[in-house]
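S.K.: Here you go, this is start.csv (CSV, C-alpha atoms).
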```
chain,number,residue,atom,x,y,z
A,1,MET,CA,151.6,4.0,-92.1
A,2,PRO,CA,148.4,1.9,-92.7
A,3,GLU,CA,147.5,-0.4,-89.8
A,4,THR,CA,146.8,-4.2,-90.0
A,5,THR,CA,144.6,-6.5,-88.0
A,6,LEU,CA,145.6,-10.1,-87.2
A,7,SER,CA,142.9,-12.8,-87.4
A,8,ARG,CA,143.8,-16.3,-86.0
A,9,HIS,CA,142.2,-19.6,-87.0
A,10,PRO,CA,142.5,-22.1,-84.2
A,11,ILE,CA,139.3,-24.0,-85.1
A,12,ARG,CA,140.3,-24.4,-88.8
A,13,GLY,CA,143.7,-25.5,-87.6
A,14,ALA,CA,142.3,-28.1,-85.3
A,15,ILE,CA,140.0,-29.5,-88.0
A,16,TRP,CA,142.7,-29.7,-90.7
A,17,GLY,CA,145.1,-31.1,-88.1
A,18,LEU,CA,142.5,-33.8,-87.2
A,19,LEU,CA,142.2,-34.8,-90.9
A,20,PHE,CA,146.0,-34.8,-91.3
A,21,GLY,CA,146.6,-36.8,-88.2
A,22,ALA,CA,144.0,-39.4,-89.0
A,23,GLY,CA,145.4,-39.7,-92.6
A,24,LEU,CA,149.0,-39.9,-91.5
A,25,GLY,CA,148.2,-42.5,-88.9
A,26,LEU,CA,146.3,-44.6,-91.4
A,27,LEU,CA,149.0,-44.2,-94.0
A,28,LEU,CA,151.7,-45.4,-91.6
A,29,MET,CA,149.5,-48.4,-90.7
A,30,VAL,CA,148.7,-49.2,-94.3
A,31,LEU,CA,152.4,-49.1,-95.1
A,32,SER,CA,153.0,-51.4,-92.0
A,33,ILE,CA,155.4,-48.9,-90.5
A,34,VAL,CA,153.4,-48.8,-87.3
A,35,PRO,CA,151.1,-51.7,-86.1
A,36,LEU,CA,147.4,-51.4,-86.8
A,37,SER,CA,145.9,-50.1,-83.5
A,38,ILE,CA,142.9,-47.9,-82.8
A,39,PRO,CA,144.5,-46.3,-79.7
A,40,THR,CA,147.6,-45.4,-81.8
A,41,LEU,CA,145.3,-43.9,-84.5
A,42,ILE,CA,143.5,-41.8,-81.8
A,43,ILE,CA,146.9,-40.6,-80.4
A,44,TYR,CA,148.1,-39.5,-83.9
A,45,THR,CA,144.8,-37.7,-84.5
A,46,ALA,CA,144.7,-36.0,-81.2
A,47,ALA,CA,148.3,-34.9,-81.4
A,48,ALA,CA,147.8,-33.5,-84.9
A,49,THR,CA,144.6,-31.7,-83.8
A,50,VAL,CA,146.5,-30.0,-81.0
A,51,VAL,CA,149.4,-29.1,-83.3
A,52,GLY,CA,146.9,-27.8,-85.9
A,53,LEU,CA,145.2,-25.7,-83.2
A,54,LEU,CA,148.5,-24.2,-82.1
A,55,TRP,CA,149.5,-23.6,-85.7
A,56,GLY,CA,146.3,-21.7,-86.2
A,57,MET,CA,147.1,-19.6,-83.2
A,58,PHE,CA,150.8,-18.9,-83.4
A,59,ALA,CA,152.1,-19.7,-86.9
A,60,PRO,CA,153.8,-16.8,-88.7
A,61,ALA,CA,151.0,-14.7,-90.1
A,62,LYS,CA,150.3,-14.3,-93.8
A,63,ARG,CA,151.0,-10.9,-95.2
A,64,PRO,CA,147.9,-8.9,-96.0
A,65,LYS,CA,146.5,-9.3,-99.5
A,66,GLY,CA,146.6,-6.4,-101.9
A,67,ALA,CA,148.1,-3.0,-101.6
A,68,ALA,CA,147.8,-1.0,-98.5
A,69,PRO,CA,144.8,1.3,-98.7
A,70,SER,CA,146.0,4.8,-99.5
A,71,ALA,CA,145.8,7.3,-96.6
A,72,PRO,CA,143.0,9.8,-97.0
A,73,ALA,CA,144.2,12.7,-99.0
A,74,PRO,CA,144.6,15.8,-96.8
A,75,SER,CA,141.7,18.1,-97.4
A,76,ALA,CA,142.5,21.1,-99.6
A,77,PRO,CA,142.6,24.3,-97.7
A,78,ALA,CA,139.4,26.2,-98.0
A,79,PRO,CA,139.6,29.1,-100.3
A,80,SER,CA,140.0,32.2,-98.3
A,81,ALA,CA,137.0,34.5,-98.4
A,82,PRO,CA,137.3,37.4,-100.7
A,83,PRO,CA,138.0,40.6,-99.0
A,84,ALA,CA,135.0,42.6,-98.3
B,1,MET,CA,195.6,-40.2,-107.7
B,2,GLN,CA,195.2,-42.6,-110.6
B,3,ARG,CA,196.0,-45.5,-108.3
B,4,TRP,CA,193.3,-44.5,-105.7
B,5,ARG,CA,190.8,-44.1,-108.5
B,6,ASN,CA,191.5,-47.6,-109.8
B,7,LEU,CA,191.4,-49.0,-106.3
B,8,LEU,CA,188.0,-47.5,-105.7
B,9,LEU,CA,186.8,-48.8,-109.1
B,10,VAL,CA,187.9,-52.3,-108.3
B,11,THR,CA,186.3,-52.1,-104.8
B,12,GLY,CA,183.1,-51.0,-106.3
B,13,ILE,CA,183.0,-53.8,-108.9
B,14,VAL,CA,183.8,-56.4,-106.2
B,15,ALA,CA,181.1,-55.0,-104.0
B,16,LEU,CA,178.6,-55.1,-106.8
B,17,VAL,CA,179.5,-58.7,-107.6
B,18,VAL,CA,179.7,-60.1,-104.1
B,19,PHE,CA,177.0,-58.4,-102.1
B,20,PRO,CA,174.0,-58.8,-104.4
B,21,SER,CA,174.8,-62.5,-104.8
B,22,ALA,CA,175.0,-62.8,-101.0
B,23,ALA,CA,171.8,-60.9,-100.5
B,24,LEU,CA,170.0,-62.9,-103.1
B,25,ALA,CA,171.2,-66.2,-101.7
B,26,GLN,CA,168.0,-67.9,-100.4
B,27,GLU,CA,167.8,-69.7,-97.1
B,28,GLU,CA,167.5,-73.4,-97.3
B,29,PRO,CA,164.3,-74.8,-95.8
B,30,GLN,CA,164.9,-77.1,-92.8
B,31,VAL,CA,161.4,-78.5,-92.7
B,32,ASP,CA,159.8,-80.2,-95.8
B,33,LEU,CA,156.1,-79.4,-95.6
B,34,MET,CA,155.5,-81.5,-98.7
B,35,GLN,CA,155.6,-84.5,-96.4
B,36,PHE,CA,152.1,-83.5,-95.1
B,37,ILE,CA,150.7,-83.7,-98.6
B,38,PRO,CA,149.4,-87.2,-99.6
B,39,GLU,CA,151.5,-88.6,-102.3
B,40,GLN,CA,148.7,-88.8,-104.9
B,41,PHE,CA,148.1,-85.0,-104.5
B,42,ARG,CA,151.8,-83.9,-104.5
B,43,ALA,CA,151.7,-82.9,-108.2
B,44,ASP,CA,148.9,-80.4,-107.3
B,45,PHE,CA,151.1,-78.9,-104.6
B,46,ALA,CA,154.4,-78.4,-106.6
B,47,ASP,CA,156.7,-75.7,-105.3
B,48,ARG,CA,156.2,-73.4,-108.2
B,49,ASN,CA,157.8,-70.2,-106.7
B,50,GLY,CA,160.8,-72.1,-105.3
B,51,ASP,CA,160.5,-70.9,-101.7
B,52,GLY,CA,160.5,-74.4,-100.2
B,53,ILE,CA,156.8,-74.2,-99.3
B,54,PRO,CA,154.2,-76.3,-101.3
B,55,ASP,CA,152.0,-74.1,-103.6
B,56,LEU,CA,148.4,-74.6,-104.5
B,57,SER,CA,147.6,-75.6,-108.0
B,58,SER,CA,145.0,-73.8,-110.1
B,59,ILE,CA,142.2,-75.9,-108.7
B,60,PRO,CA,139.8,-74.0,-106.5
B,61,PRO,CA,141.1,-73.4,-103.0
B,62,GLU,CA,137.9,-74.6,-101.4
B,63,GLY,CA,138.5,-78.1,-102.9
B,64,VAL,CA,142.1,-78.2,-101.9
B,65,ALA,CA,141.4,-77.2,-98.4
B,66,GLY,CA,139.1,-80.2,-98.0
B,67,ILE,CA,141.8,-82.6,-99.2
B,68,TRP,CA,144.2,-80.9,-96.8
B,69,ASP,CA,141.8,-81.1,-93.9
B,70,ASP,CA,141.3,-84.9,-94.1
B,71,LYS,CA,144.8,-86.0,-94.8
B,72,VAL,CA,146.7,-83.6,-92.5
B,73,GLY,CA,144.3,-84.4,-89.7
B,74,GLU,CA,145.4,-88.0,-90.0
B,75,VAL,CA,149.0,-87.2,-89.1
B,76,THR,CA,149.9,-88.7,-85.7
B,77,ASP,CA,151.4,-86.6,-82.9
B,78,GLU,CA,154.7,-88.6,-83.2
B,79,GLY,CA,154.7,-88.2,-86.9
B,80,PHE,CA,154.2,-84.5,-86.8
B,81,LEU,CA,156.9,-83.9,-84.1
B,82,GLY,CA,159.3,-86.2,-86.0
B,83,ALA,CA,158.7,-84.2,-89.1
B,84,VAL,CA,159.3,-80.7,-87.7
B,85,THR,CA,161.8,-81.1,-84.8
B,86,GLY,CA,165.5,-81.0,-85.0
B,87,THR,CA,165.7,-77.6,-86.6
B,88,ALA,CA,168.0,-74.8,-85.3
B,89,ILE,CA,166.0,-72.2,-83.5
B,90,ASP,CA,167.0,-68.5,-83.7
B,91,ALA,CA,165.6,-67.4,-80.3
B,92,GLY,CA,167.1,-63.9,-80.5
B,93,ASP,CA,163.8,-62.2,-81.0
B,94,LYS,CA,161.2,-62.9,-78.2
B,95,GLY,CA,158.3,-61.2,-80.0
B,96,SER,CA,156.1,-64.2,-80.2
B,97,SER,CA,155.1,-67.2,-78.0
B,98,LEU,CA,152.8,-70.2,-78.0
B,99,ALA,CA,152.8,-72.1,-74.7
B,100,GLY,CA,151.0,-75.3,-73.9
B,101,PRO,CA,150.4,-78.5,-75.8
B,102,CYS,CA,149.1,-76.8,-79.0
B,103,LYS,CA,151.1,-77.5,-82.1
B,104,GLY,CA,150.4,-77.3,-85.8
B,105,VAL,CA,151.2,-75.9,-89.3
B,106,VAL,CA,149.9,-72.8,-91.1
B,107,ILE,CA,150.5,-72.0,-94.7
B,108,SER,CA,149.3,-68.8,-96.4
B,109,TYR,CA,148.7,-68.5,-100.1
B,110,ASP,CA,148.1,-65.6,-102.5
B,111,ASP,CA,145.1,-65.4,-104.9
B,112,GLU,CA,147.0,-67.5,-107.5
B,113,GLY,CA,147.7,-70.3,-105.0
B,114,LEU,CA,151.4,-69.5,-104.6
B,115,SER,CA,152.7,-69.8,-101.1
B,116,VAL,CA,153.3,-66.6,-99.3
B,117,ASP,CA,154.5,-67.8,-95.9
B,118,ALA,CA,154.4,-70.8,-93.5
B,119,MET,CA,155.1,-71.5,-89.9
B,120,PHE,CA,154.7,-74.4,-87.4
B,121,ASP,CA,154.9,-75.0,-83.7
B,122,THR,CA,155.9,-78.2,-82.0
B,123,GLY,CA,154.0,-77.7,-78.7
B,124,GLY,CA,155.5,-77.0,-75.3
B,125,SER,CA,157.5,-73.8,-74.6
B,126,GLY,CA,159.4,-73.6,-77.9
B,127,PRO,CA,158.7,-70.7,-80.1
B,128,LEU,CA,156.7,-70.6,-83.4
B,129,MET,CA,159.1,-71.2,-86.3
B,130,ASP,CA,159.3,-70.8,-90.0
B,131,VAL,CA,160.6,-73.5,-92.3
B,132,PHE,CA,164.0,-71.9,-92.4
B,133,GLY,CA,164.5,-72.4,-88.6
B,134,ASN,CA,163.9,-68.8,-87.5
B,135,GLN,CA,161.5,-67.7,-84.8
B,136,LYS,CA,158.2,-66.8,-86.5
B,137,MET,CA,155.4,-64.3,-85.7
B,138,THR,CA,157.9,-61.8,-84.2
B,139,ARG,CA,157.5,-58.2,-85.2
B,140,SER,CA,160.6,-58.5,-87.4
B,141,ASN,CA,159.5,-61.8,-88.9
B,142,PRO,CA,155.7,-61.7,-88.8
B,143,LEU,CA,153.5,-64.3,-90.5
B,144,GLU,CA,152.6,-62.8,-93.9
B,145,VAL,CA,149.0,-63.4,-94.9
B,146,ASP,CA,147.6,-62.3,-98.3
B,147,THR,CA,144.2,-60.6,-97.9
B,148,ARG,CA,143.2,-61.8,-101.3
B,149,GLY,CA,144.3,-65.4,-100.7
B,150,VAL,CA,143.8,-68.5,-98.6
B,151,LEU,CA,145.2,-69.7,-95.3
B,152,VAL,CA,145.3,-73.4,-94.5
B,153,TYR,CA,146.1,-74.8,-91.1
B,154,TYR,CA,146.4,-78.0,-89.1
B,155,GLY,CA,146.3,-77.8,-85.3
B,156,SER,CA,146.4,-80.3,-82.5
B,157,SER,CA,146.5,-80.4,-78.7
B,158,GLN,CA,147.8,-84.0,-78.5
B,159,PRO,CA,148.5,-85.7,-76.2
B,160,ASP,CA,145.9,-83.6,-74.3
B,161,THR,CA,142.2,-83.5,-75.2
B,162,PHE,CA,140.4,-80.4,-74.0
B,163,HIS,CA,136.7,-80.7,-72.8
B,164,ASN,CA,134.3,-77.9,-71.9
B,165,HIS,CA,136.8,-75.6,-73.4
B,166,ARG,CA,136.7,-71.9,-74.3
B,167,TRP,CA,138.9,-69.9,-76.6
B,168,PHE,CA,139.3,-66.5,-78.0
B,169,LEU,CA,141.4,-65.1,-80.9
B,170,LYS,CA,142.0,-61.4,-81.2
B,171,ALA,CA,143.8,-59.3,-83.8
B,172,GLU,CA,144.3,-55.8,-82.5
B,173,GLY,CA,142.1,-53.3,-84.4
B,174,VAL,CA,140.8,-55.9,-86.9
B,175,PHE,CA,138.6,-58.5,-85.1
B,176,LYS,CA,138.0,-60.6,-82.0
B,177,ASP,CA,136.3,-64.0,-82.1
B,178,ASP,CA,135.6,-66.5,-79.4
B,179,GLY,CA,134.0,-69.9,-78.8
B,180,GLY,CA,134.1,-73.2,-77.1
B,181,ASP,CA,132.8,-76.7,-77.0
B,182,PRO,CA,132.0,-79.5,-74.6
B,183,ASN,CA,133.8,-81.8,-77.0
B,184,PRO,CA,131.9,-85.0,-76.4
B,185,ARG,CA,133.6,-86.7,-79.3
B,186,ASP,CA,137.1,-86.2,-77.8
B,187,LYS,CA,138.5,-84.2,-80.8
B,188,ASN,CA,142.1,-83.1,-80.2
B,189,ARG,CA,143.1,-82.0,-83.7
B,190,ASN,CA,141.6,-80.1,-86.6
B,191,ALA,CA,142.4,-78.7,-90.0
B,192,GLY,CA,140.8,-76.3,-92.3
B,193,SER,CA,141.2,-73.2,-94.4
B,194,VAL,CA,140.2,-69.5,-94.3
B,195,ASP,CA,139.5,-67.8,-97.6
B,196,PHE,CA,140.4,-64.2,-97.0
B,197,GLY,CA,139.5,-63.4,-100.6
B,198,ASN,CA,135.9,-64.3,-99.9
B,199,LEU,CA,135.8,-63.2,-96.3
B,200,LEU,CA,137.1,-59.6,-96.6
B,201,PRO,CA,135.2,-56.8,-98.5
B,202,PHE,CA,138.4,-55.4,-99.9
B,203,PRO,CA,142.2,-56.2,-99.7
B,204,PHE,CA,144.3,-54.2,-97.3
B,205,THR,CA,147.8,-54.2,-95.8
B,206,ALA,CA,148.7,-53.8,-92.2
B,207,LEU,CA,150.9,-55.1,-89.4
B,208,VAL,CA,148.7,-56.5,-86.6
B,209,GLU,CA,149.5,-57.9,-83.1
B,210,ALA,CA,147.5,-61.0,-82.5
B,211,SER,CA,146.8,-62.9,-79.3
B,212,GLY,CA,144.7,-65.9,-78.2
B,213,ALA,CA,144.0,-68.4,-75.5
B,214,TRP,CA,142.4,-71.8,-75.3
B,215,VAL,CA,141.6,-73.2,-71.8
B,216,ASP,CA,140.5,-76.7,-70.8
B,217,GLU,CA,137.4,-77.1,-68.5
B,218,TRP,CA,136.6,-73.4,-68.5
B,219,GLY,CA,132.9,-74.0,-69.0
B,220,ALA,CA,130.3,-72.0,-70.9
B,221,GLU,CA,131.3,-68.5,-69.8
B,222,GLU,CA,133.1,-66.3,-72.1
B,223,LEU,CA,136.9,-66.4,-71.7
B,224,PRO,CA,138.3,-63.1,-70.7
B,225,GLU,CA,141.9,-61.8,-71.3
B,226,MET,CA,143.9,-62.7,-68.2
B,227,ASP,CA,147.6,-62.6,-67.2
B,228,ALA,CA,147.5,-66.3,-66.2
B,229,TYR,CA,145.0,-69.0,-67.2
B,230,PRO,CA,144.1,-72.3,-65.4
B,231,THR,CA,146.1,-75.2,-66.8
B,232,PRO,CA,146.0,-77.0,-69.1
B,233,ASN,CA,145.8,-74.2,-71.7
B,234,CYS,CA,147.3,-72.9,-74.8
B,235,VAL,CA,148.2,-69.2,-74.8
B,236,GLY,CA,150.0,-67.3,-77.5
B,237,HIS,CA,150.7,-64.0,-79.1
B,238,GLY,CA,152.6,-62.7,-82.1
B,239,TRP,CA,152.6,-60.5,-85.2
B,240,VAL,CA,150.7,-61.0,-88.5
B,241,LYS,CA,151.5,-58.9,-91.5
B,242,PHE,CA,148.6,-58.6,-94.0
B,243,VAL,CA,150.0,-58.2,-97.5
B,244,GLY,CA,148.4,-57.9,-100.9
B,245,PRO,CA,148.4,-55.4,-103.6
B,246,ASN,CA,150.3,-52.1,-103.5
B,247,PRO,CA,149.2,-50.6,-100.1
B,248,LEU,CA,148.6,-47.2,-101.6
B,249,LEU,CA,146.1,-48.6,-104.1
B,250,THR,CA,143.9,-50.3,-101.5
B,251,PRO,CA,140.8,-48.5,-100.3
B,252,PRO,CA,142.4,-47.7,-96.9
B,253,GLY,CA,145.5,-46.5,-98.7
B,254,VAL,CA,143.6,-44.2,-101.0
B,255,LEU,CA,141.6,-42.8,-98.0
B,256,ALA,CA,144.8,-42.3,-96.1
B,257,ILE,CA,146.4,-40.4,-99.0
B,258,LEU,CA,143.4,-38.2,-99.4
B,259,LEU,CA,143.1,-37.4,-95.7
B,260,THR,CA,146.8,-36.6,-95.4
B,261,ALA,CA,146.9,-34.4,-98.5
B,262,ALA,CA,143.8,-32.5,-97.6
B,263,GLY,CA,144.8,-32.1,-94.0
B,264,PHE,CA,148.3,-31.0,-94.9
B,265,THR,CA,147.1,-28.5,-97.5
B,266,GLY,CA,144.5,-27.2,-95.1
B,267,VAL,CA,146.9,-26.7,-92.2
B,268,LEU,CA,149.4,-25.0,-94.5
B,269,PHE,CA,147.2,-22.7,-96.5
B,270,ASN,CA,143.9,-22.3,-94.7
B,271,ALA,CA,144.7,-22.2,-91.0
B,272,ARG,CA,147.6,-19.8,-90.7
B,273,PRO,CA,146.9,-16.5,-88.9
B,274,ALA,CA,146.4,-13.7,-91.5
B,275,LEU,CA,147.0,-10.0,-91.5
B,276,SER,CA,144.6,-7.8,-93.2
B,277,TRP,CA,144.5,-4.1,-93.7
B,278,LYS,CA,142.5,-2.1,-91.3
B,279,GLU,CA,139.8,-0.2,-93.0
```
Starting from the file, give its structure as structure tokens.
M.R.:
Amino acid sequence: MPETTLSRHPIRGAIWGLLFGAGLGLLLMVLSIVPLSIPTLIIYTAAATVVGLLWGMFAPAKRPKGAAPSAPAPSAPAPSAPPA
Amino acid sequence: MQRWRNLLLVTGIVALVVFPSAALAQEEPQVDLMQFIPEQFRADFADRNGDGIPDLSSIPPEGVAGIWDDKVGEVTDEGFLGAVTGTAIDAGDKGSSLAGPCKGVVISYDDEGLSVDAMFDTGGSGPLMDVFGNQKMTRSNPLEVDTRGVLVYYGSSQPDTFHNHRWFLKAEGVFKDDGGDPNPRDKNRNAGSVDFGNLLPFPFTALVEASGAWVDEWGAEELPEMDAYPTPNCVGHGWVKFVGPNPLLTPPGVLAILLTAAGFTGVLFNARPALSWKE
């Protein structure tokens, strides 16, 4: 059974979460669903950054790409020495 | 079965006929703001959109504001109060206030000169109100201001006259302005206009909490935000909703969509932990 390694992306998650939080906060303000307020925008951004970071750490992992590398073929038995 | 189906059908038809007509029934204005327009100019302020608030004609707003300034400023305190009192107040929503002797009228217009919203205050402890007799500048009934249009106002502190006064006006997240005046000419009323179309670099939409204070005999020092101000003063707060074009087509709206889409896509597809085959 071929083995897998798990790589986590907390920094990427935090950066994308920051963008998402800032955009979502701004969108809700533009649509007048929440009042325009810098502290509120900061709270949305910070919360989404933390969620993104946690997502990058603990989200269900993507399956490995491509086919599993085939196991090294067992070496062929050395031809027995001819009888003297 | 047939009977129930027919009953449902009739109920649906009745609902379609009754409820839309009830929902579309417009409130009747209880204050006629046209009385503040001099008779010779009333033709230019015809209520073209039928909302009970005088509209601007196609003449440039700057010129109209000057006419409004002079004539509305001549309204006496008694005349103003007589014109706007006697309306039923819906005090259910306490989201706004304006305390003190300050009183006045505000009308906002869109870029075509059609009225968007209006409100007035009679001074004292009563709330700000719209022309339909509802409390105004609450979160559920904010003053709507078109960011492409013009806002005209008349304000007065009669019977008081403030001297050596300081004031500030703050809209959360948008701006803060302050000022004051020794007021040697004993001015106690003013009128003017704010052309948002010229003032703002681009239109936007937002719900904003606004607050302000105006204090008599404060002096030259800047007026801070306080829980209680020396009297006499005018202190108020409320909600303003900036309206305009489709919110998603304004520059902040486009930016918000781009950030949200990019962030969501990135979180979903670029930040998940990934398994890879061990070499």
S.K.: Kindly indicate which residue among B:Thr231, B:Asn141, B:Asn183, B:Thr205 lies nearest to chain A, using all atoms listed in the file for the distances.
M.R.: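 So, comparing all the options, the nearest one is B:Thr205.
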S.K.: Using all atoms listed in the file, determine which residues lie at most 12 Å from Thr40 of chain A, disregarding the query and same-chain residues fewer than 4 positions distant; provide the list as a PyMOL selection string.
M.R.: (chain A and resi 21-22+24-26+28-29+34-36+44-47) or (chain B and resi 172-173)
S.K.: Starting from chain B, keep only residues with some atom at most 10 Å from an atom of chain A, counting only C-alpha atoms, and report them as number ranges by chain.
M.R.: B: 139, 171-174, 204-209, 239-243, 246-248, 250-279
S.K.: So that I have them on file, write out the residues from the current selection with C-alpha atoms, as a PDB file, keeping the file's coordinate frame.
M.R.:
```pdb
ATOM      1  CA  ARG B 139     157.500 -58.200 -85.200  1.00  0.00           C
ATOM      2  CA  ALA B 171     143.800 -59.300 -83.800  1.00  0.00           C
ATOM      3  CA  GLU B 172     144.300 -55.800 -82.500  1.00  0.00           C
ATOM      4  CA  GLY B 173     142.100 -53.300 -84.400  1.00  0.00           C
ATOM      5  CA  VAL B 174     140.800 -55.900 -86.900  1.00  0.00           C
ATOM      6  CA  PHE B 204     144.300 -54.200 -97.300  1.00  0.00           C
ATOM      7  CA  THR B 205     147.800 -54.200 -95.800  1.00  0.00           C
ATOM      8  CA  ALA B 206     148.700 -53.800 -92.200  1.00  0.00           C
ATOM      9  CA  LEU B 207     150.900 -55.100 -89.400  1.00  0.00           C
ATOM     10  CA  VAL B 208     148.700 -56.500 -86.600  1.00  0.00           C
ATOM     11  CA  GLU B 209     149.500 -57.900 -83.100  1.00  0.00           C
ATOM     12  CA  TRP B 239     152.600 -60.500 -85.200  1.00  0.00           C
ATOM     13  CA  VAL B 240     150.700 -61.000 -88.500  1.00  0.00           C
ATOM     14  CA  LYS B 241     151.500 -58.900 -91.500  1.00  0.00           C
ATOM     15  CA  PHE B 242     148.600 -58.600 -94.000  1.00  0.00           C
ATOM     16  CA  VAL B 243     150.000 -58.200 -97.500  1.00  0.00           C
ATOM     17  CA  ASN B 246     150.300 -52.100-103.500  1.00  0.00           C
ATOM     18  CA  PRO B 247     149.200 -50.600-100.100  1.00  0.00           C
ATOM     19  CA  LEU B 248     148.600 -47.200-101.600  1.00  0.00           C
ATOM     20  CA  THR B 250     143.900 -50.300-101.500  1.00  0.00           C
ATOM     21  CA  PRO B 251     140.800 -48.500-100.300  1.00  0.00           C
ATOM     22  CA  PRO B 252     142.400 -47.700 -96.900  1.00  0.00           C
ATOM     23  CA  GLY B 253     145.500 -46.500 -98.700  1.00  0.00           C
ATOM     24  CA  VAL B 254     143.600 -44.200-101.000  1.00  0.00           C
ATOM     25  CA  LEU B 255     141.600 -42.800 -98.000  1.00  0.00           C
ATOM     26  CA  ALA B 256     144.800 -42.300 -96.100  1.00  0.00           C
ATOM     27  CA  ILE B 257     146.400 -40.400 -99.000  1.00  0.00           C
ATOM     28  CA  LEU B 258     143.400 -38.200 -99.400  1.00  0.00           C
ATOM     29  CA  LEU B 259     143.100 -37.400 -95.700  1.00  0.00           C
ATOM     30  CA  THR B 260     146.800 -36.600 -95.400  1.00  0.00           C
ATOM     31  CA  ALA B 261     146.900 -34.400 -98.500  1.00  0.00           C
ATOM     32  CA  ALA B 262     143.800 -32.500 -97.600  1.00  0.00           C
ATOM     33  CA  GLY B 263     144.800 -32.100 -94.000  1.00  0.00           C
ATOM     34  CA  PHE B 264     148.300 -31.000 -94.900  1.00  0.00           C
ATOM     35  CA  THR B 265     147.100 -28.500 -97.500  1.00  0.00           C
ATOM     36  CA  GLY B 266     144.500 -27.200 -95.100  1.00  0.00           C
ATOM     37  CA  VAL B 267     146.900 -26.700 -92.200  1.00  0.00           C
ATOM     38  CA  LEU B 268     149.400 -25.000 -94.500  1.00  0.00           C
ATOM     39  CA  PHE B 269     147.200 -22.700 -96.500  1.00  0.00           C
ATOM     40  CA  ASN B 270     143.900 -22.300 -94.700  1.00  0.00           C
ATOM     41  CA  ALA B 271     144.700 -22.200 -91.000  1.00  0.00           C
ATOM     42  CA  ARG B 272     147.600 -19.800 -90.700  1.00  0.00           C
ATOM     43  CA  PRO B 273     146.900 -16.500 -88.900  1.00  0.00           C
ATOM     44  CA  ALA B 274     146.400 -13.700 -91.500  1.00  0.00           C
ATOM     45  CA  LEU B 275     147.000 -10.000 -91.500  1.00  0.00           C
ATOM     46  CA  SER B 276     144.600  -7.800 -93.200  1.00  0.00           C
ATOM     47  CA  TRP B 277     144.500  -4.100 -93.700  1.00  0.00           C
ATOM     48  CA  LYS B 278     142.500  -2.100 -91.300  1.00  0.00           C
ATOM     49  CA  GLU B 279     139.800  -0.200 -93.000  1.00  0.00           C
TER      50      GLU B 279
END
```
S.K.: Interatomic distance between atom CA of Met226 of chain B and atom CA of Lys170 of chain B?
M.R.: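 So the answer is 13.2 Å.
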S.K.: State, in Å with one decimal place, the distance from atom CA of Val105 of chain B to atom CA of Gly155 of chain B.
M.R.: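 Between atom CA of Val105 of chain B and atom CA of Gly155 of chain B the gap is 6.6 Å.
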S.K.: B:Gly244, B:Pro184, B:Gly236, B:Gly179: which is nearest Glu222 of chain B, counting only C-alpha atoms?
M.R.: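 Nearest candidate to Glu222 of chain B out of B:Gly244, B:Pro184, B:Gly236, B:Gly179: B:Gly179.
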S.K.: From the options B:Ile53, B:Val215, B:Val106, B:Val235, which residue's atoms come nearest to His163 of chain B, counting only C-alpha atoms?
M.R.: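 Once distances to His163 of chain B are computed over only C-alpha atoms, the minimum belongs to B:Val215.
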S.K.: Hey, can you check how far atom CA of Thr161 of chain B sits from atom CA of Asn190 of chain B?
M.R.: 11.9 Å
S.K.: Since fewer atoms than expected are present, regenerate N, CA and C atoms for segment 147-156 of chain B and write them as a PDB file, in the coordinates of the input.
M.R.:
```pdb
ATOM      1  N   THR B 147     145.650 -60.843 -98.090  1.00  0.00           N
ATOM      2  CA  THR B 147     144.200 -60.600 -97.900  1.00  0.00           C
ATOM      3  C   THR B 147     143.376 -60.936 -99.085  1.00  0.00           C
ATOM      4  N   ARG B 148     144.011 -61.346-100.180  1.00  0.00           N
ATOM      5  CA  ARG B 148     143.200 -61.800-101.300  1.00  0.00           C
ATOM      6  C   ARG B 148     143.300 -63.346-101.434  1.00  0.00           C
ATOM      7  N   GLY B 149     144.047 -63.987-100.543  1.00  0.00           N
ATOM      8  CA  GLY B 149     144.300 -65.400-100.700  1.00  0.00           C
ATOM      9  C   GLY B 149     143.681 -66.304 -99.669  1.00  0.00           C
ATOM     10  N   VAL B 150     144.325 -67.432 -99.433  1.00  0.00           N
ATOM     11  CA  VAL B 150     143.800 -68.500 -98.600  1.00  0.00           C
ATOM     12  C   VAL B 150     144.822 -68.871 -97.538  1.00  0.00           C
ATOM     13  N   LEU B 151     144.352 -69.213 -96.354  1.00  0.00           N
ATOM     14  CA  LEU B 151     145.200 -69.700 -95.300  1.00  0.00           C
ATOM     15  C   LEU B 151     144.778 -71.105 -94.923  1.00  0.00           C
ATOM     16  N   VAL B 152     145.683 -72.083 -94.919  1.00  0.00           N
ATOM     17  CA  VAL B 152     145.300 -73.400 -94.500  1.00  0.00           C
ATOM     18  C   VAL B 152     146.078 -73.784 -93.221  1.00  0.00           C
ATOM     19  N   TYR B 153     145.449 -74.565 -92.373  1.00  0.00           N
ATOM     20  CA  TYR B 153     146.100 -74.800 -91.100  1.00  0.00           C
ATOM     21  C   TYR B 153     145.778 -76.264 -90.640  1.00  0.00           C
ATOM     22  N   TYR B 154     146.667 -76.764 -89.818  1.00  0.00           N
ATOM     23  CA  TYR B 154     146.400 -78.000 -89.100  1.00  0.00           C
ATOM     24  C   TYR B 154     146.862 -77.725 -87.648  1.00  0.00           C
ATOM     25  N   GLY B 155     145.991 -78.040 -86.669  1.00  0.00           N
ATOM     26  CA  GLY B 155     146.300 -77.800 -85.300  1.00  0.00           C
ATOM     27  C   GLY B 155     145.953 -78.992 -84.420  1.00  0.00           C
ATOM     28  N   SER B 156     146.683 -79.161 -83.324  1.00  0.00           N
ATOM     29  CA  SER B 156     146.400 -80.300 -82.500  1.00  0.00           C
ATOM     30  C   SER B 156     146.823 -79.963 -81.024  1.00  0.00           C
TER      31      SER B 156
END
```
